[in-house]
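Inspection log for the structure reproduced underneath, given as structure tokens.
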Amino acid sequence: MQDNVDSLGGVGGDRLDGLIDGLVQHGYAISPGYFPLSLVRALREEAQHRDRQGEFQLAGIGRRQVHQKDTRVRSDRTCWLRGETLAQCQLLEGLESLRVAVNRSLFMGLFELESHFAIYGPGDYYQRHLDAFNGNNGRLLSVVLYLNEGWQSQWGGRLRLWPEPDAQGVASEVEPRAGTLVAFLSEKIPHEVLAATRERYSIAGWFRCNNTTADWLDPPR
Ligand SMILES: O=C(O)CCC(=O)C(=O)O
Ligand SMILES: [Fe+2]
């Protein structure tokens, strides 16, 4: 299996343009080296530290619904980002630039970001799913940043992407290598996390629209 087969992102100042082109053409974009290794390393160390402190929880499915802990669908564990550390702030700043650029180019109306660290232990997976359907949770654009230095292909753990909701044929597979950022349309691109033989660290985030109205407050997590 090829690694990051259709890598759509560029480097340096072209990163954002490459990402936006990918979203327009395919509904997803894969950008290796999007964030510098020093930042990625700090984020992974933070995740490991928080995990040792017991801050991770078995991931739930669905937002503000009955919080199912259904290991048949996913078996990773997660910890929400709240901008508490310098590394988180630097990441959130980078993602804010992405939000502004995407809104400017694509008029997506991305309003706010919710994001968490995720750890998939050996054998953990997340079955094929969409991050949003019928606007159920306001998620418009999903982003995933991988934190795994020295990742080897044979360890598995790839993210598999399909081109549209009912598609049978896989569009792309991405190895979870440190610094790679994947972005995709939350309602359009089904995806799956394949099991790995090593611990797999990532940060997943979702840009949401503004769902707050006069009679319904809808804050981020
Ligand atoms: O870690 C990944 O590659 C994707 C995670 C994911 O699909 C999710 O958390 O919704
Ligand atoms: Fe997902």
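Each chain in the structure tokens gets a letter, A, B, ..., in the order shown, and its residues are numbered from 1; ligands are numbered from 1 in order too.
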Practice problem: Write out as a PyMOL selection string each polymer residue whose atoms come within 10 Å of region 146-160 of chain A, counting only C-alpha atoms; drop sequence neighbours fewer than 4 positions from it. | Solution: chain A and resi 1-4+32-33+35+37+39-45+47+117-118+120-128+170-182+190-204
Exercise. List every residue of region 19-81 of chain A that DSSP, applied to the backbone of this structure, assigns to helix (DSSP H, G or I), and report them as a PyMOL selection string.
Key: chain A and resi 19-26+37-52
Quiz item: Rounded to one decimal in Å, what is the spacing between CA of Asn210 (chain A) and CA of Ser105 (chain A)?
Solution: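 Between these atoms lies a distance of 18.4 Å.
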Quiz item: Taking into account only C-alpha atoms, which residue in the set A:Phe107, A:Tyr34, A:Cys89, A:Gln57 is nearest to Ser75 (chain A)?
Solution: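 Checking each candidate against Ser75 (chain A), we get A:Gln57 as the closest.
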Quiz item: Using only C-alpha atoms, which residue out of A:Ile119, A:Ile20, A:Leu81, A:Ala29 lies closest to Asn103 (chain A)?
Solution: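 Closest residue, counting only C-alpha atoms: A:Ile20.
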Mind running chain A against ligand 2 at 7 Å and telling me each contacting residue's nearest atom pair with the distance in Å (one decimal), counting only C-alpha atoms and all ligand atoms, chain and number ascending, as CSV?
```
residue,atom,partner,partner_atom_place_in_ligand_line,distance
A:His129,CA,ligand 2,1 (Fe),6.3
A:Leu130,CA,ligand 2,1 (Fe),6.1
A:Asp131,CA,ligand 2,1 (Fe),4.9
A:His191,CA,ligand 2,1 (Fe),6.3
```
Quiz item: With only C-alpha atoms as the basis for distance, which of A:Leu58, A:Val73, A:Leu91, A:Leu19 is at the shortest distance from Leu141 (chain A)?
Solution: A:Leu19
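Picture a line from CA of Phe207 (chain A) to CA of Glu164 (chain A); it runs 19.2 Å.
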Exercise. Rank A:Ala183, A:Leu140, A:Met108, A:Leu113 by their smallest atom-to-atom distance to Ser31 (chain A), using only C-alpha atoms, and report the top residue only.
Key: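 That would be A:Ala183, the residue with the smallest distance to Ser31 (chain A).
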Quiz prompt | Test item: residues at most 8 Å from region 184-189 of chain A, only C-alpha atoms, excluding those fewer than 3 positions along its chain, as a VMD selection string | solution = chain A and resid 23 27 to 29 130 to 135 139 to 143 161 to 165 206
Quiz item: Pick the closest to ligand 1 from A:Gln48, A:Gln25, A:Thr85, A:Ser115: which is it, counting only C-alpha atoms and all ligand atoms?
Solution: A:Ser115
